[in-house]
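All remarks here apply to the structure that follows.
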Amino acid sequence: IGRCDSQSCVVQAPDGVIAMRFRPEALAEDCAHAAILLSAMPVSHCTGPKIILDSKTIADGGGYAITNGNALSVRQWRGARPWNPK
């Protein structure tokens with residue numbers, strides 16, 4: 001069961017805390033405690049989480065699936081397409 005406040009939501013998963021931040025003020029705490037950090041804003045200087053998916057990473061990857069502690073982007077799964085050469 002998770003909990004939310006005005007800055008982020010966190011949920012305890014078997015491998016650690018998953019945090020989704022809404023506001024910049026939540027970054028320091030979420031970086032210190034989360035195993036997985038999801039952010040609608042860019043993230044920099046955050047070294048604590050094993051997986052960080054911020055707005056730029058998600059946009060570049062075309063979405064992500066997280067399973068068994070690993071993140072796989074849609075782009076990695078399907079490969080590059082001629083109409084979207086990133």
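Every chain in the structure tokens has a letter given in the order shown (A, B, ...), and although residue numbers restart at 1 in each chain, ligands are simply numbered from 1 in the order shown.
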
As a ChimeraX atom specification, please: every residue in chain A that a backbone DSSP assignment puts in strand (DSSP E or B). /A:2-4,8-13,16-21,34-39,51-53,64-67,70-73,81,84

Go through chain A and collect every residue that DSSP, computed from the backbone, puts in alpha helix (DSSP H); the answer should be as a PDB file with N, CA and C atoms, in the first residue's frame.
```
ATOM      1  N   LEU A  27      12.734  15.759  -4.642  1.00  0.00           N
ATOM      2  CA  LEU A  27      13.858  15.038  -5.247  1.00  0.00           C
ATOM      3  C   LEU A  27      14.870  14.523  -4.232  1.00  0.00           C
ATOM      4  N   ALA A  28      15.331  15.340  -3.316  1.00  0.00           N
ATOM      5  CA  ALA A  28      16.375  14.917  -2.375  1.00  0.00           C
ATOM      6  C   ALA A  28      15.925  13.714  -1.550  1.00  0.00           C
ATOM      7  N   GLU A  29      14.738  13.763  -1.005  1.00  0.00           N
ATOM      8  CA  GLU A  29      14.250  12.656  -0.185  1.00  0.00           C
ATOM      9  C   GLU A  29      14.041  11.400  -1.020  1.00  0.00           C
ATOM     10  N   ASP A  30      13.447  11.547  -2.201  1.00  0.00           N
ATOM     11  CA  ASP A  30      13.209  10.381  -3.049  1.00  0.00           C
ATOM     12  C   ASP A  30      14.518   9.773  -3.550  1.00  0.00           C
ATOM     13  N   CYS A  31      15.507  10.593  -3.868  1.00  0.00           N
ATOM     14  CA  CYS A  31      16.817  10.074  -4.298  1.00  0.00           C
ATOM     15  C   CYS A  31      17.498   9.290  -3.180  1.00  0.00           C
ATOM     16  N   ALA A  32      17.288   9.712  -1.965  1.00  0.00           N
ATOM     17  CA  ALA A  32      17.937   9.060  -0.829  1.00  0.00           C
ATOM     18  C   ALA A  32      17.284   7.733  -0.455  1.00  0.00           C
ATOM     19  N   HIS A  33      15.998   7.567  -0.733  1.00  0.00           N
ATOM     20  CA  HIS A  33      15.288   6.401  -0.219  1.00  0.00           C
ATOM     21  C   HIS A  33      14.732   5.451  -1.274  1.00  0.00           C
ATOM     22  N   SER A  55      11.317  12.500 -17.229  1.00  0.00           N
ATOM     23  CA  SER A  55      10.557  12.888 -18.410  1.00  0.00           C
ATOM     24  C   SER A  55      11.347  12.694 -19.697  1.00  0.00           C
ATOM     25  N   LYS A  56      12.602  13.055 -19.703  1.00  0.00           N
ATOM     26  CA  LYS A  56      13.419  12.921 -20.919  1.00  0.00           C
ATOM     27  C   LYS A  56      13.693  11.459 -21.245  1.00  0.00           C
ATOM     28  N   THR A  57      14.046  10.680 -20.246  1.00  0.00           N
ATOM     29  CA  THR A  57      14.326   9.264 -20.463  1.00  0.00           C
ATOM     30  C   THR A  57      13.101   8.541 -21.005  1.00  0.00           C
ATOM     31  N   ILE A  58      11.954   8.804 -20.425  1.00  0.00           N
ATOM     32  CA  ILE A  58      10.722   8.158 -20.866  1.00  0.00           C
ATOM     33  C   ILE A  58      10.375   8.581 -22.290  1.00  0.00           C
ATOM     34  N   ALA A  59      10.501   9.860 -22.605  1.00  0.00           N
ATOM     35  CA  ALA A  59      10.218  10.330 -23.963  1.00  0.00           C
ATOM     36  C   ALA A  59      11.178   9.713 -24.977  1.00  0.00           C
ATOM     37  N   ASP A  60      12.460   9.642 -24.646  1.00  0.00           N
ATOM     38  CA  ASP A  60      13.451   9.067 -25.555  1.00  0.00           C
ATOM     39  C   ASP A  60      13.247   7.567 -25.762  1.00  0.00           C
ATOM     40  N   GLY A  61      12.804   6.877 -24.721  1.00  0.00           N
ATOM     41  CA  GLY A  61      12.630   5.427 -24.801  1.00  0.00           C
ATOM     42  C   GLY A  61      11.284   4.995 -25.322  1.00  0.00           C
ATOM     43  N   VAL A  74      10.407   0.700 -24.761  1.00  0.00           N
ATOM     44  CA  VAL A  74       9.743   0.257 -25.979  1.00  0.00           C
ATOM     45  C   VAL A  74      10.746   0.285 -27.131  1.00  0.00           C
ATOM     46  N   ARG A  75      11.564   1.316 -27.189  1.00  0.00           N
ATOM     47  CA  ARG A  75      12.571   1.441 -28.249  1.00  0.00           C
ATOM     48  C   ARG A  75      13.569   0.283 -28.204  1.00  0.00           C
ATOM     49  N   GLN A  76      14.014  -0.125 -27.017  1.00  0.00           N
ATOM     50  CA  GLN A  76      14.924  -1.261 -26.894  1.00  0.00           C
ATOM     51  C   GLN A  76      14.243  -2.554 -27.338  1.00  0.00           C
ATOM     52  N   TRP A  77      12.995  -2.713 -26.985  1.00  0.00           N
ATOM     53  CA  TRP A  77      12.263  -3.932 -27.271  1.00  0.00           C
ATOM     54  C   TRP A  77      11.989  -4.093 -28.764  1.00  0.00           C
ATOM     55  N   ARG A  78      11.536  -3.018 -29.420  1.00  0.00           N
ATOM     56  CA  ARG A  78      11.152  -3.143 -30.826  1.00  0.00           C
ATOM     57  C   ARG A  78      12.248  -2.735 -31.791  1.00  0.00           C
TER      58      ARG A  78
END
```

Mind pulling up the distance from atom CA of A:Glu25 to atom CA of A:Leu37? 14.0 Å

Point-to-point distance from atom CA of A:Pro49 to atom CA of A:Ala34, Å rounded to tenths: 5.4 Å

Env of A:Arg21: 8 Å cut, atoms = only C-alpha atoms, seq-sep filter 2 positions within chain, self excluded. Answer as a compact mmCIF listing (two decimals) with C-alpha atoms, in the first residue's frame.
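Writing done, so here's selection18.txt:
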```txt
# COMPACT_ATOMS: atom_id res chain seq x y z
CA GLN A 7 5.10 16.29 -3.45
CA SER A 8 5.26 12.59 -4.31
CA CYS A 9 3.78 9.12 -3.94
CA ALA A 19 8.72 6.85 -5.69
CA ARG A 23 7.33 18.54 -7.32
CA PRO A 24 11.03 19.46 -7.37
CA ALA A 26 10.68 15.88 -3.32
CA LEU A 27 13.86 15.04 -5.25
CA ASP A 30 13.21 10.38 -3.05
CA LEU A 37 12.33 6.87 -9.12
CA LEU A 38 9.70 8.01 -11.62
CA SER A 39 9.54 11.70 -12.41
CA ALA A 40 7.52 13.91 -14.74
```

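Candidate residues A:Arg3, A:Met20, A:Gly63, A:Ala35 were compared for distance to A:Lys50, and the nearest is A:Ala35, using only C-alpha atoms.
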
Can you work out the spacing between atom CA of A:Gly79 and atom CA of A:Thr47 in Å, to one decimal?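 Distance between the two atoms: 27.9 Å.
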
Excluding same-chain residues fewer than 6 positions from A:Pro14, what lies within 12 Å of it counting only C-alpha atoms, as a VMD selection string? chain A and resid 1 35 to 36 67 to 69

Please produce a file of those selected residues containing all heavy atoms, as a short mmCIF file (atom, residue, chain, number, x, y, z; two decimals), in the first residue's frame.
```cif
data_model
loop_
_atom_site.label_atom_id
_atom_site.label_comp_id
_atom_site.auth_asym_id
_atom_site.auth_seq_id
_atom_site.Cartn_x
_atom_site.Cartn_y
_atom_site.Cartn_z
N ILE A 1 0.86 -1.17 0.00
CA ILE A 1 0.00 0.00 0.00
C ILE A 1 0.90 1.22 0.00
O ILE A 1 1.84 1.32 0.77
CB ILE A 1 -0.95 0.01 1.22
CG1 ILE A 1 -1.89 -1.18 1.13
CG2 ILE A 1 -1.70 1.31 1.28
CD1 ILE A 1 -2.80 -1.34 2.30
N ALA A 35 14.33 2.94 -4.55
CA ALA A 35 15.04 2.00 -5.42
C ALA A 35 14.72 2.31 -6.88
O ALA A 35 15.54 2.14 -7.76
CB ALA A 35 14.63 0.57 -5.09
N ILE A 36 13.49 2.79 -7.11
CA ILE A 36 13.03 3.20 -8.43
C ILE A 36 12.42 4.58 -8.30
O ILE A 36 11.55 4.79 -7.44
CB ILE A 36 12.00 2.21 -9.02
CG1 ILE A 36 12.62 0.82 -9.17
CG2 ILE A 36 11.46 2.72 -10.35
CD1 ILE A 36 11.64 -0.26 -9.56
N THR A 67 10.41 -4.88 -14.89
CA THR A 67 10.17 -6.22 -14.38
C THR A 67 11.45 -6.75 -13.77
O THR A 67 12.54 -6.54 -14.31
CB THR A 67 9.71 -7.20 -15.49
OG1 THR A 67 10.64 -7.15 -16.57
CG2 THR A 67 8.33 -6.84 -16.00
N ASN A 68 11.31 -7.42 -12.66
CA ASN A 68 12.45 -8.05 -11.98
C ASN A 68 13.60 -7.08 -11.76
O ASN A 68 14.77 -7.44 -11.91
CB ASN A 68 12.92 -9.27 -12.75
CG ASN A 68 11.86 -10.33 -12.86
OD1 ASN A 68 11.08 -10.52 -11.93
ND2 ASN A 68 11.80 -11.00 -13.98
N GLY A 69 13.30 -5.84 -11.44
CA GLY A 69 14.33 -4.85 -11.15
C GLY A 69 15.06 -4.30 -12.36
O GLY A 69 16.10 -3.65 -12.21
#
```
